[in-house]
file work-v7.cif (mmCIF, C-alpha atoms, pLDDT in the B column; chains and numbers go by the auth columns)
data_work
loop_
_atom_site.group_PDB
_atom_site.id
_atom_site.type_symbol
_atom_site.label_atom_id
_atom_site.label_comp_id
_atom_site.label_asym_id
_atom_site.label_seq_id
_atom_site.Cartn_x
_atom_site.Cartn_y
_atom_site.Cartn_z
_atom_site.B_iso_or_equiv
_atom_site.auth_seq_id
_atom_site.auth_asym_id
ATOM 1 C CA MET A 1 18.101 -26.513 -14.421 45.00 1 A
ATOM 2 C CA GLY A 2 17.279 -29.658 -12.429 49.00 2 A
ATOM 3 C CA ASN A 3 20.181 -31.964 -11.647 55.00 3 A
ATOM 4 C CA GLY A 4 18.131 -34.805 -10.231 61.00 4 A
ATOM 5 C CA THR A 5 18.209 -33.706 -6.580 68.00 5 A
ATOM 6 C CA HIS A 6 15.146 -32.252 -4.842 70.00 6 A
ATOM 7 C CA LEU A 7 16.810 -28.849 -4.642 67.00 7 A
ATOM 8 C CA GLY A 8 17.654 -28.986 -8.326 61.00 8 A
ATOM 9 C CA LYS A 9 14.027 -29.703 -9.173 59.00 9 A
ATOM 10 C CA VAL A 10 12.862 -26.717 -7.176 62.00 10 A
ATOM 11 C CA ARG A 11 15.354 -24.218 -8.578 60.00 11 A
ATOM 12 C CA GLY A 12 14.321 -22.271 -11.628 55.00 12 A
ATOM 13 C CA LEU A 13 11.053 -24.087 -12.319 59.00 13 A
ATOM 14 C CA GLY A 14 7.455 -22.901 -12.393 54.00 14 A
ATOM 15 C CA SER A 15 5.246 -21.344 -15.070 53.00 15 A
ATOM 16 C CA SER A 16 7.491 -18.340 -15.639 57.00 16 A
ATOM 17 C CA GLY A 17 10.709 -20.407 -15.610 55.00 17 A
ATOM 18 C CA HIS A 18 12.248 -18.367 -12.804 61.00 18 A
ATOM 19 C CA GLY A 19 9.836 -18.890 -9.954 60.00 19 A
ATOM 20 C CA SER A 20 12.096 -19.041 -6.921 75.00 20 A
ATOM 21 C CA HIS A 21 13.649 -15.616 -7.573 81.00 21 A
ATOM 22 C CA HIS A 22 10.198 -13.982 -7.770 83.00 22 A
ATOM 23 C CA TRP A 23 9.046 -15.956 -4.716 85.00 23 A
ATOM 24 C CA LEU A 24 11.991 -14.827 -2.585 90.00 24 A
ATOM 25 C CA GLN A 25 11.707 -11.165 -3.620 92.00 25 A
ATOM 26 C CA GLN A 26 7.995 -11.229 -2.803 93.00 26 A
ATOM 27 C CA ARG A 27 8.756 -12.501 0.721 93.00 27 A
ATOM 28 C CA LEU A 28 11.600 -10.055 1.325 95.00 28 A
ATOM 29 C CA THR A 29 9.535 -7.050 0.237 96.00 29 A
ATOM 30 C CA ALA A 30 6.603 -8.428 2.264 96.00 30 A
ATOM 31 C CA LEU A 31 8.778 -8.294 5.399 97.00 31 A
ATOM 32 C CA GLY A 32 9.839 -4.754 4.484 97.00 32 A
ATOM 33 C CA ASN A 33 6.199 -3.782 3.996 97.00 33 A
ATOM 34 C CA ILE A 34 5.175 -5.128 7.416 97.00 34 A
ATOM 35 C CA LEU A 35 7.724 -2.871 9.119 98.00 35 A
ATOM 36 C CA LEU A 36 7.498 0.217 6.887 98.00 36 A
ATOM 37 C CA VAL A 37 3.776 0.329 6.079 98.00 37 A
ATOM 38 C CA GLY A 38 3.149 -0.511 9.739 97.00 38 A
ATOM 39 C CA PHE A 39 5.189 2.568 10.638 98.00 39 A
ATOM 40 C CA LEU A 40 3.195 4.685 8.143 98.00 40 A
ATOM 41 C CA PHE A 41 -0.123 3.338 9.473 98.00 41 A
ATOM 42 C CA VAL A 42 0.724 4.181 13.103 97.00 42 A
ATOM 43 C CA SER A 43 2.059 7.596 12.060 98.00 43 A
ATOM 44 C CA PHE A 44 -1.167 8.371 10.166 97.00 44 A
ATOM 45 C CA LEU A 45 -3.207 7.538 13.281 96.00 45 A
ATOM 46 C CA ARG A 46 -1.057 9.727 15.524 95.00 46 A
ATOM 47 C CA LEU A 47 -0.624 12.755 13.243 96.00 47 A
ATOM 48 C CA PRO A 48 -3.119 15.613 12.853 95.00 48 A
ATOM 49 C CA MET A 49 -3.530 14.657 9.192 96.00 49 A
ATOM 50 C CA THR A 50 -5.415 17.797 8.094 95.00 50 A
ATOM 51 C CA ASP A 51 -2.670 20.112 9.424 96.00 51 A
ATOM 52 C CA HIS A 52 -0.205 20.690 6.549 96.00 52 A
ATOM 53 C CA GLY A 53 2.497 22.249 8.740 95.00 53 A
ATOM 54 C CA ALA A 54 2.489 19.414 11.269 97.00 54 A
ATOM 55 C CA VAL A 55 2.530 16.662 8.628 97.00 55 A
ATOM 56 C CA LEU A 56 5.284 18.480 6.685 96.00 56 A
ATOM 57 C CA ARG A 57 7.454 18.796 9.834 95.00 57 A
ATOM 58 C CA TRP A 58 7.015 15.069 10.441 97.00 58 A
ATOM 59 C CA ALA A 59 7.847 14.104 6.840 97.00 59 A
ATOM 60 C CA SER A 60 10.904 16.363 6.642 94.00 60 A
ATOM 61 C CA ASN A 61 12.555 14.661 9.626 95.00 61 A
ATOM 62 C CA PRO A 62 15.541 12.809 8.064 95.00 62 A
ATOM 63 C CA MET A 63 14.758 9.440 9.672 97.00 63 A
ATOM 64 C CA VAL A 64 11.098 9.664 8.664 98.00 64 A
ATOM 65 C CA ALA A 65 12.044 10.679 5.104 98.00 65 A
ATOM 66 C CA LEU A 66 14.454 7.733 4.922 98.00 66 A
ATOM 67 C CA ALA A 67 11.767 5.328 6.152 98.00 67 A
ATOM 68 C CA LEU A 68 9.286 6.759 3.631 98.00 68 A
ATOM 69 C CA ILE A 69 11.748 6.297 0.741 98.00 69 A
ATOM 70 C CA LEU A 70 12.443 2.700 1.808 98.00 70 A
ATOM 71 C CA MET A 71 8.704 2.139 2.085 98.00 71 A
ATOM 72 C CA VAL A 72 8.075 3.436 -1.446 98.00 72 A
ATOM 73 C CA VAL A 73 10.795 1.126 -2.823 98.00 73 A
ATOM 74 C CA SER A 74 9.489 -1.903 -0.898 98.00 74 A
ATOM 75 C CA VAL A 75 5.815 -1.259 -1.693 98.00 75 A
ATOM 76 C CA PHE A 76 6.243 -0.561 -5.407 98.00 76 A
ATOM 77 C CA TRP A 77 8.591 -3.528 -5.817 97.00 77 A
ATOM 78 C CA HIS A 78 6.082 -5.780 -4.053 97.00 78 A
ATOM 79 C CA LEU A 79 3.081 -4.475 -5.997 97.00 79 A
ATOM 80 C CA ARG A 80 4.969 -4.926 -9.277 97.00 80 A
ATOM 81 C CA LEU A 81 5.513 -8.595 -8.398 96.00 81 A
ATOM 82 C CA GLY A 82 1.891 -9.083 -7.350 96.00 82 A
ATOM 83 C CA LEU A 83 0.364 -7.368 -10.376 96.00 83 A
ATOM 84 C CA THR A 84 2.758 -9.276 -12.684 95.00 84 A
ATOM 85 C CA VAL A 85 1.266 -12.547 -11.424 93.00 85 A
ATOM 86 C CA LEU A 86 -2.233 -11.121 -11.838 94.00 86 A
ATOM 87 C CA ILE A 87 -1.495 -10.284 -15.492 95.00 87 A
ATOM 88 C CA GLU A 88 0.150 -13.678 -16.113 91.00 88 A
ATOM 89 C CA ASP A 89 -2.964 -15.403 -14.762 92.00 89 A
ATOM 90 C CA TYR A 90 -5.762 -13.340 -16.282 93.00 90 A
ATOM 91 C CA VAL A 91 -4.477 -11.551 -19.391 92.00 91 A
ATOM 92 C CA HIS A 92 -4.344 -13.955 -22.314 90.00 92 A
ATOM 93 C CA GLY A 93 -2.935 -13.286 -25.762 91.00 93 A
ATOM 94 C CA GLU A 94 0.705 -12.494 -26.402 91.00 94 A
ATOM 95 C CA ALA A 95 0.305 -8.834 -27.441 95.00 95 A
ATOM 96 C CA THR A 96 -2.158 -7.736 -24.718 96.00 96 A
ATOM 97 C CA ARG A 97 -0.098 -9.474 -22.071 95.00 97 A
ATOM 98 C CA LEU A 98 3.110 -7.785 -23.220 95.00 98 A
ATOM 99 C CA LEU A 99 1.381 -4.387 -23.359 97.00 99 A
ATOM 100 C CA SER A 100 -0.086 -4.921 -19.858 97.00 100 A
ATOM 101 C CA LEU A 101 3.325 -5.813 -18.468 96.00 101 A
ATOM 102 C CA VAL A 102 4.895 -2.724 -20.102 97.00 102 A
ATOM 103 C CA LEU A 103 2.179 -0.466 -18.632 97.00 103 A
ATOM 104 C CA LEU A 104 2.619 -2.118 -15.215 98.00 104 A
ATOM 105 C CA ASN A 105 6.352 -1.397 -15.313 97.00 105 A
ATOM 106 C CA PHE A 106 5.696 2.236 -16.283 98.00 106 A
ATOM 107 C CA TYR A 107 3.293 2.488 -13.352 98.00 107 A
ATOM 108 C CA ALA A 108 5.545 0.774 -10.806 98.00 108 A
ATOM 109 C CA ILE A 109 8.776 2.562 -11.739 98.00 109 A
ATOM 110 C CA GLY A 110 7.129 5.911 -12.526 98.00 110 A
ATOM 111 C CA GLY A 111 5.070 5.829 -9.330 98.00 111 A
ATOM 112 C CA ALA A 112 8.086 4.980 -7.194 98.00 112 A
ATOM 113 C CA ALA A 113 10.157 7.737 -8.832 98.00 113 A
ATOM 114 C CA TYR A 114 7.382 10.300 -8.276 98.00 114 A
ATOM 115 C CA GLY A 115 7.051 9.265 -4.631 98.00 115 A
ATOM 116 C CA ILE A 116 10.789 9.313 -3.915 98.00 116 A
ATOM 117 C CA PHE A 117 11.223 12.685 -5.625 96.00 117 A
ATOM 118 C CA ALA A 118 8.376 14.170 -3.567 97.00 118 A
ATOM 119 C CA ILE A 119 9.918 12.873 -0.314 97.00 119 A
ATOM 120 C CA VAL A 120 13.392 14.170 -1.218 96.00 120 A
ATOM 121 C CA ARG A 121 11.915 17.555 -2.073 94.00 121 A
ATOM 122 C CA ILE A 122 10.036 17.709 1.234 95.00 122 A
ATOM 123 C CA ALA A 123 13.143 16.725 3.195 95.00 123 A
ATOM 124 C CA LEU A 124 15.608 19.001 1.396 93.00 124 A
ATOM 125 C CA ALA A 125 13.431 22.050 0.660 87.00 125 A
ATOM 126 C CA PRO A 126 14.373 23.809 3.940 81.00 126 A
ATOM 127 C CA ALA A 127 18.112 23.229 3.351 79.00 127 A
ATOM 128 C CA ALA A 128 17.824 24.481 -0.242 78.00 128 A
ATOM 129 C CA GLY A 129 15.844 27.544 0.886 77.00 129 A
ATOM 130 C CA LEU A 130 12.840 26.469 -1.207 77.00 130 A
ATOM 131 C CA ALA A 131 9.214 27.105 -0.369 73.00 131 A
ATOM 132 C CA PRO A 132 6.974 24.066 -0.800 69.00 132 A
ATOM 133 C CA GLY A 133 5.620 23.694 -4.319 67.00 133 A
ATOM 134 C CA GLY A 134 6.258 22.440 -7.776 63.00 134 A
ATOM 135 C CA MET A 135 4.932 18.892 -7.598 67.00 135 A
ATOM 136 C CA MET B 1 -10.260 -20.649 -1.084 64.00 1 B
ATOM 137 C CA ALA B 2 -11.959 -17.474 0.036 83.00 2 B
ATOM 138 C CA VAL B 3 -8.862 -16.262 1.873 88.00 3 B
ATOM 139 C CA SER B 4 -6.740 -16.893 -1.195 89.00 4 B
ATOM 140 C CA ILE B 5 -8.872 -14.799 -3.551 93.00 5 B
ATOM 141 C CA LEU B 6 -9.315 -12.126 -0.861 95.00 6 B
ATOM 142 C CA HIS B 7 -5.512 -11.958 -0.594 95.00 7 B
ATOM 143 C CA ARG B 8 -5.273 -11.206 -4.297 95.00 8 B
ATOM 144 C CA ALA B 9 -8.249 -8.820 -4.346 96.00 9 B
ATOM 145 C CA SER B 10 -7.057 -6.830 -1.319 97.00 10 B
ATOM 146 C CA GLY B 11 -3.512 -6.762 -2.691 97.00 11 B
ATOM 147 C CA ASP B 12 -4.650 -5.438 -6.062 96.00 12 B
ATOM 148 C CA GLY B 13 -6.821 -2.810 -4.378 97.00 13 B
ATOM 149 C CA LEU B 14 -3.897 -1.645 -2.264 97.00 14 B
ATOM 150 C CA ALA B 15 -1.547 -1.741 -5.277 97.00 15 B
ATOM 151 C CA ILE B 16 -3.736 0.464 -7.468 97.00 16 B
ATOM 152 C CA VAL B 17 -6.149 2.519 -5.332 98.00 17 B
ATOM 153 C CA GLY B 18 -3.958 2.623 -2.218 98.00 18 B
ATOM 154 C CA ALA B 19 -0.709 3.476 -3.993 98.00 19 B
ATOM 155 C CA LEU B 20 -2.317 6.158 -6.186 98.00 20 B
ATOM 156 C CA LEU B 21 -4.052 7.781 -3.209 98.00 21 B
ATOM 157 C CA PHE B 22 -0.742 7.730 -1.295 98.00 22 B
ATOM 158 C CA LEU B 23 1.081 9.416 -4.211 98.00 23 B
ATOM 159 C CA TRP B 24 -1.701 12.016 -4.522 98.00 24 B
ATOM 160 C CA TRP B 25 -1.381 12.767 -0.772 98.00 25 B
ATOM 161 C CA LEU B 26 2.435 12.886 -0.950 97.00 26 B
ATOM 162 C CA GLY B 27 2.401 15.174 -4.021 97.00 27 B
ATOM 163 C CA ALA B 28 -0.080 17.516 -2.294 97.00 28 B
ATOM 164 C CA LEU B 29 2.079 17.561 0.846 97.00 29 B
ATOM 165 C CA ALA B 30 5.157 18.524 -1.211 95.00 30 B
ATOM 166 C CA ALA B 31 3.237 21.089 -3.273 94.00 31 B
ATOM 167 C CA GLY B 32 2.392 23.298 -0.282 93.00 32 B
ATOM 168 C CA PRO B 33 -0.405 24.371 2.086 94.00 33 B
ATOM 169 C CA ASP B 34 -2.912 25.337 -0.639 95.00 34 B
ATOM 170 C CA ALA B 35 -2.554 22.088 -2.569 96.00 35 B
ATOM 171 C CA TYR B 36 -2.723 20.118 0.689 96.00 36 B
ATOM 172 C CA ALA B 37 -5.875 21.967 1.775 96.00 37 B
ATOM 173 C CA ALA B 38 -7.428 21.208 -1.635 96.00 38 B
ATOM 174 C CA PHE B 39 -6.572 17.512 -1.195 97.00 39 B
ATOM 175 C CA VAL B 40 -8.100 17.419 2.303 97.00 40 B
ATOM 176 C CA ALA B 41 -11.208 19.300 1.115 96.00 41 B
ATOM 177 C CA CYS B 42 -11.691 16.737 -1.651 96.00 42 B
ATOM 178 C CA VAL B 43 -10.960 13.500 0.205 96.00 43 B
ATOM 179 C CA TRP B 44 -11.824 14.164 3.850 95.00 44 B
ATOM 180 C CA HIS B 45 -13.629 17.391 4.841 93.00 45 B
ATOM 181 C CA ASP B 46 -14.221 20.776 3.194 90.00 46 B
ATOM 182 C CA PRO B 47 -14.210 23.348 6.033 89.00 47 B
ATOM 183 C CA SER B 48 -15.427 26.283 3.914 86.00 48 B
ATOM 184 C CA PRO B 49 -18.981 27.432 4.835 83.00 49 B
ATOM 185 C CA ASP B 50 -20.203 27.237 1.228 81.00 50 B
ATOM 186 C CA ALA B 51 -18.861 23.737 0.533 80.00 51 B
ATOM 187 C CA GLY B 52 -20.655 22.442 -2.554 88.00 52 B
ATOM 188 C CA THR B 53 -22.491 19.210 -3.236 92.00 53 B
ATOM 189 C CA PHE B 54 -19.475 17.968 -5.176 93.00 54 B
ATOM 190 C CA HIS B 55 -17.269 17.967 -2.096 93.00 55 B
ATOM 191 C CA MET B 56 -20.038 16.458 0.021 92.00 56 B
ATOM 192 C CA VAL B 57 -20.059 13.527 -2.404 94.00 57 B
ATOM 193 C CA THR B 58 -16.255 13.221 -2.646 95.00 58 B
ATOM 194 C CA ASN B 59 -15.900 13.465 1.173 95.00 59 B
ATOM 195 C CA LEU B 60 -18.288 10.544 1.567 95.00 60 B
ATOM 196 C CA LEU B 61 -16.554 8.591 -1.213 97.00 61 B
ATOM 197 C CA GLY B 62 -13.174 9.400 0.323 97.00 62 B
ATOM 198 C CA LYS B 63 -14.199 7.877 3.656 97.00 63 B
ATOM 199 C CA VAL B 64 -15.634 4.797 1.951 97.00 64 B
ATOM 200 C CA VAL B 65 -12.370 4.345 0.010 98.00 65 B
ATOM 201 C CA LEU B 66 -10.224 4.901 3.128 98.00 66 B
ATOM 202 C CA ILE B 67 -12.244 2.407 5.171 98.00 67 B
ATOM 203 C CA GLY B 68 -12.006 -0.058 2.277 98.00 68 B
ATOM 204 C CA LEU B 69 -8.238 0.443 2.101 98.00 69 B
ATOM 205 C CA THR B 70 -7.927 -0.076 5.860 98.00 70 B
ATOM 206 C CA TRP B 71 -9.753 -3.386 5.537 98.00 71 B
ATOM 207 C CA ALA B 72 -7.627 -4.366 2.503 98.00 72 B
ATOM 208 C CA PHE B 73 -4.484 -3.493 4.491 98.00 73 B
ATOM 209 C CA PHE B 74 -5.402 -5.713 7.443 98.00 74 B
ATOM 210 C CA GLN B 75 -6.793 -8.517 5.275 97.00 75 B
ATOM 211 C CA HIS B 76 -3.619 -8.579 3.160 97.00 76 B
ATOM 212 C CA LEU B 77 -1.361 -8.257 6.214 97.00 77 B
ATOM 213 C CA PHE B 78 -2.992 -11.084 8.198 97.00 78 B
ATOM 214 C CA SER B 79 -3.369 -13.268 5.113 96.00 79 B
ATOM 215 C CA GLY B 80 0.280 -12.597 4.272 96.00 80 B
ATOM 216 C CA LEU B 81 1.329 -13.646 7.780 95.00 81 B
ATOM 217 C CA ARG B 82 -0.686 -16.844 7.243 95.00 82 B
ATOM 218 C CA HIS B 83 1.335 -17.418 4.083 93.00 83 B
ATOM 219 C CA PHE B 84 4.587 -17.071 6.037 92.00 84 B
ATOM 220 C CA VAL B 85 3.349 -19.823 8.377 92.00 85 B
ATOM 221 C CA LEU B 86 2.294 -22.010 5.419 92.00 86 B
ATOM 222 C CA ASP B 87 5.739 -21.407 3.852 89.00 87 B
ATOM 223 C CA THR B 88 7.309 -23.226 6.811 89.00 88 B
ATOM 224 C CA GLY B 89 5.202 -26.263 5.933 89.00 89 B
ATOM 225 C CA ALA B 90 2.907 -25.891 8.936 87.00 90 B
ATOM 226 C CA GLY B 91 -0.857 -25.491 9.069 86.00 91 B
ATOM 227 C CA TYR B 92 -1.967 -27.669 6.142 88.00 92 B
ATOM 228 C CA GLU B 93 -4.238 -29.942 8.213 90.00 93 B
ATOM 229 C CA LEU B 94 -7.837 -29.278 7.143 90.00 94 B
ATOM 230 C CA LYS B 95 -9.123 -28.161 10.554 90.00 95 B
ATOM 231 C CA THR B 96 -6.115 -25.983 11.355 89.00 96 B
ATOM 232 C CA ASN B 97 -6.148 -24.441 7.904 91.00 97 B
ATOM 233 C CA LYS B 98 -9.839 -23.606 8.125 91.00 98 B
ATOM 234 C CA LEU B 99 -9.474 -22.151 11.618 92.00 99 B
ATOM 235 C CA TRP B 100 -6.637 -19.808 10.584 91.00 100 B
ATOM 236 C CA SER B 101 -8.518 -18.747 7.448 93.00 101 B
ATOM 237 C CA MET B 102 -11.523 -17.766 9.549 94.00 102 B
ATOM 238 C CA LEU B 103 -9.296 -15.948 12.054 95.00 103 B
ATOM 239 C CA VAL B 104 -7.725 -13.925 9.218 96.00 104 B
ATOM 240 C CA ILE B 105 -11.135 -12.769 7.969 96.00 105 B
ATOM 241 C CA VAL B 106 -12.562 -12.018 11.421 97.00 106 B
ATOM 242 C CA GLY B 107 -9.317 -10.362 12.570 97.00 107 B
ATOM 243 C CA ALA B 108 -9.218 -8.038 9.553 97.00 108 B
ATOM 244 C CA LEU B 109 -12.833 -6.938 10.119 98.00 109 B
ATOM 245 C CA LEU B 110 -12.239 -6.346 13.842 98.00 110 B
ATOM 246 C CA ALA B 111 -9.006 -4.412 13.251 98.00 111 B
ATOM 247 C CA THR B 112 -10.733 -2.229 10.636 98.00 112 B
ATOM 248 C CA ALA B 113 -13.637 -1.531 12.987 98.00 113 B
ATOM 249 C CA ALA B 114 -11.266 -0.714 15.871 98.00 114 B
ATOM 250 C CA THR B 115 -9.211 1.647 13.696 98.00 115 B
ATOM 251 C CA TRP B 116 -12.218 3.633 12.521 97.00 116 B
ATOM 252 C CA LEU B 117 -13.844 3.758 15.944 97.00 117 B
ATOM 253 C CA TYR B 118 -10.570 5.299 17.134 96.00 118 B
ATOM 254 C CA ILE B 119 -10.451 7.790 14.218 96.00 119 B
ATOM 255 C CA PHE B 120 -14.083 8.916 14.597 94.00 120 B
ATOM 256 C CA ALA B 121 -13.768 9.127 18.389 94.00 121 B
ATOM 257 C CA GLU B 122 -10.661 11.332 17.976 89.00 122 B
ATOM 258 C CA ALA B 123 -12.494 13.495 15.426 84.00 123 B
ATOM 259 C CA LEU B 124 -15.455 13.966 17.780 87.00 124 B
ATOM 260 C CA ASN B 125 -13.313 14.755 20.834 83.00 125 B
ATOM 261 C CA GLY B 126 -10.912 17.121 19.330 65.00 126 B
#

call {"tool": "encode", "arguments": {"input": "work-v7.cif", "output": "structure tokens"}}
result
Amino acid sequence: MGNGTHLGKVRGLGSSGHGSHHWLQQRLTALGNILLVGFLFVSFLRLPMTDHGAVLRWASNPMVALALILMVVSVFWHLRLGLTVLIEDYVHGEATRLLSLVLLNFYAIGGAAYGIFAIVRIALAPAAGLAPGGM
Amino acid sequence: MAVSILHRASGDGLAIVGALLFLWWLGALAAGPDAYAAFVACVWHDPSPDAGTFHMVTNLLGKVVLIGLTWAFFQHLFSGLRHFVLDTGAGYELKTNKLWSMLVIVGALLATAATWLYIFAEALNG
């Protein structure tokens, strides 16, 4: 990996052997989270959250649905990176660590898929002539 | 030190409790008015006149969890912004570092308090 230069020493090193890739993805998704979770936070404060009809109208707006999908991708990607480091630091023993990482991936990918499917259903239900339901 | 472990703790709380609560809310929203009303009655407020003790407990727990998540959100956000500054190579002098660490903690508490004062004031007025 290292070719003797400072840059070469930095590239590809670290406890996992591929640190800079993880590091960069964590920063990129962090920037995404600032914008998208910030948008969700402000929306939550402004919406009448107990009113199903009002919240559904908001969520089924195409731009809002798009932002929500991007947010789910950014958040679940970021949390997968963060919880991976947590497991690498605190879970010892080859088998338990591997099992923890498998469960984390099920959670991160399954959770994101569930979230995206729910948003798509909310956004497209009127066009498909569907009543809400089925989740 | 404290800010570093708080960054991890708040991040893990958001990643597990926050994300699961968000998915529960989103699923209820997609499932329709009845499911959404059931979610609200469990987490926030049960409007039915014969609301049971169970919902009284879950409503209280729900608010505690939501306030905790609000704090975790701000703590992780401000601490994350501090990390962006540190990534540029700035802010490693002991005094500066300590000052920004304290500001992160105080800022997160103030932002959480402001948010919930706003929410409870809105709830009382309308």

call {"tool": "resolve_selection", "arguments": {"input": "work-v7.cif", "expression": "the PyMOL selection byres ((chain A and resi 88-104) around 12)", "output": "list of chain:residue names"}}
result
A:Ser15, A:Ser16, A:Phe76, A:Trp77, A:Leu79, A:Arg80, A:Leu81, A:Gly82, A:Leu83, A:Thr84, A:Val85, A:Leu86, A:Ile87, A:Asn105, A:Phe106, A:Tyr107, A:Ala108, A:Ile109, A:Gly110, A:Gly111, B:Arg8, B:Ala15, B:Ile16

call {"tool": "resolve_selection", "arguments": {"input": "work-v7.cif", "expression": "the PyMOL selection byres ((chain A) within 10 of (chain B))", "output": "PDB file with C-alpha atoms, in the frame of the given file"}}
result
ATOM      1  CA  ARG A  27       8.756 -12.501   0.721  1.00 93.00           C
ATOM      2  CA  ALA A  30       6.603  -8.428   2.264  1.00 96.00           C
ATOM      3  CA  LEU A  31       8.778  -8.294   5.399  1.00 97.00           C
ATOM      4  CA  ASN A  33       6.199  -3.782   3.996  1.00 97.00           C
ATOM      5  CA  ILE A  34       5.175  -5.128   7.416  1.00 97.00           C
ATOM      6  CA  VAL A  37       3.776   0.329   6.079  1.00 98.00           C
ATOM      7  CA  GLY A  38       3.149  -0.511   9.739  1.00 97.00           C
ATOM      8  CA  PHE A  41      -0.123   3.338   9.473  1.00 98.00           C
ATOM      9  CA  LEU A  45      -3.207   7.538  13.281  1.00 96.00           C
ATOM     10  CA  ARG A  46      -1.057   9.727  15.524  1.00 95.00           C
ATOM     11  CA  PRO A  48      -3.119  15.613  12.853  1.00 95.00           C
ATOM     12  CA  MET A  49      -3.530  14.657   9.192  1.00 96.00           C
ATOM     13  CA  THR A  50      -5.415  17.797   8.094  1.00 95.00           C
ATOM     14  CA  ASP A  51      -2.670  20.112   9.424  1.00 96.00           C
ATOM     15  CA  HIS A  52      -0.205  20.690   6.549  1.00 96.00           C
ATOM     16  CA  GLY A  53       2.497  22.249   8.740  1.00 95.00           C
ATOM     17  CA  VAL A  55       2.530  16.662   8.628  1.00 97.00           C
ATOM     18  CA  LEU A  56       5.284  18.480   6.685  1.00 96.00           C
ATOM     19  CA  ALA A  59       7.847  14.104   6.840  1.00 97.00           C
ATOM     20  CA  SER A  60      10.904  16.363   6.642  1.00 94.00           C
ATOM     21  CA  VAL A  72       8.075   3.436  -1.446  1.00 98.00           C
ATOM     22  CA  VAL A  75       5.815  -1.259  -1.693  1.00 98.00           C
ATOM     23  CA  PHE A  76       6.243  -0.561  -5.407  1.00 98.00           C
ATOM     24  CA  HIS A  78       6.082  -5.780  -4.053  1.00 97.00           C
ATOM     25  CA  LEU A  79       3.081  -4.475  -5.997  1.00 97.00           C
ATOM     26  CA  ARG A  80       4.969  -4.926  -9.277  1.00 97.00           C
ATOM     27  CA  GLY A  82       1.891  -9.083  -7.350  1.00 96.00           C
ATOM     28  CA  LEU A  83       0.364  -7.368 -10.376  1.00 96.00           C
ATOM     29  CA  VAL A  85       1.266 -12.547 -11.424  1.00 93.00           C
ATOM     30  CA  LEU A  86      -2.233 -11.121 -11.838  1.00 94.00           C
ATOM     31  CA  TYR A 107       3.293   2.488 -13.352  1.00 98.00           C
ATOM     32  CA  ALA A 108       5.545   0.774 -10.806  1.00 98.00           C
ATOM     33  CA  GLY A 111       5.070   5.829  -9.330  1.00 98.00           C
ATOM     34  CA  ALA A 112       8.086   4.980  -7.194  1.00 98.00           C
ATOM     35  CA  TYR A 114       7.382  10.300  -8.276  1.00 98.00           C
ATOM     36  CA  GLY A 115       7.051   9.265  -4.631  1.00 98.00           C
ATOM     37  CA  ILE A 116      10.789   9.313  -3.915  1.00 98.00           C
ATOM     38  CA  PHE A 117      11.223  12.685  -5.625  1.00 96.00           C
ATOM     39  CA  ALA A 118       8.376  14.170  -3.567  1.00 97.00           C
ATOM     40  CA  ILE A 119       9.918  12.873  -0.314  1.00 97.00           C
ATOM     41  CA  VAL A 120      13.392  14.170  -1.218  1.00 96.00           C
ATOM     42  CA  ARG A 121      11.915  17.555  -2.073  1.00 94.00           C
ATOM     43  CA  ILE A 122      10.036  17.709   1.234  1.00 95.00           C
ATOM     44  CA  ALA A 123      13.143  16.725   3.195  1.00 95.00           C
ATOM     45  CA  ALA A 125      13.431  22.050   0.660  1.00 87.00           C
ATOM     46  CA  ALA A 131       9.214  27.105  -0.369  1.00 73.00           C
ATOM     47  CA  PRO A 132       6.974  24.066  -0.800  1.00 69.00           C
ATOM     48  CA  GLY A 133       5.620  23.694  -4.319  1.00 67.00           C
ATOM     49  CA  GLY A 134       6.258  22.440  -7.776  1.00 63.00           C
ATOM     50  CA  MET A 135       4.932  18.892  -7.598  1.00 67.00           C
TER      51      MET A 135
END

call {"tool": "atom_distance", "arguments": {"input": "work-v7.cif", "atom1": "atom CA of Leu130 of chain A", "atom2": "atom CA of Val64 of chain A"}}
result
19.6 Å

call {"tool": "residues_near_point", "arguments": {"input": "work-v7.cif", "point": "(-4.7, -16.5, 8.5)", "cutoff": "9 Å", "atoms": "all atoms listed in the file", "output": "list in words"}}
result
Val3, Gln75, Phe78, Ser79, Gly80, Leu81, Arg82, His83, Val85, Asn97, Lys98, Leu99, Trp100, Ser101, Met102, Leu103, Val104, Ile105 and Gly107 of chain B

call {"tool": "atom_distance", "arguments": {"input": "work-v7.cif", "atom1": "atom CA of Phe74 of chain B", "atom2": "atom CA of Thr112 of chain B"}}
result
7.1 Å

call {"tool": "atom_distance", "arguments": {"input": "work-v7.cif", "atom1": "atom CA of Leu61 of chain B", "atom2": "atom CA of Ile69 of chain A"}}
result
28.5 Å

call {"tool": "closest_residue", "arguments": {"input": "work-v7.cif", "among": "A:Leu47, A:Pro62, A:Ala67, A:His6", "to": "Pro126 of chain A", "atoms": "all atoms listed in the file"}}
result
A:Pro62
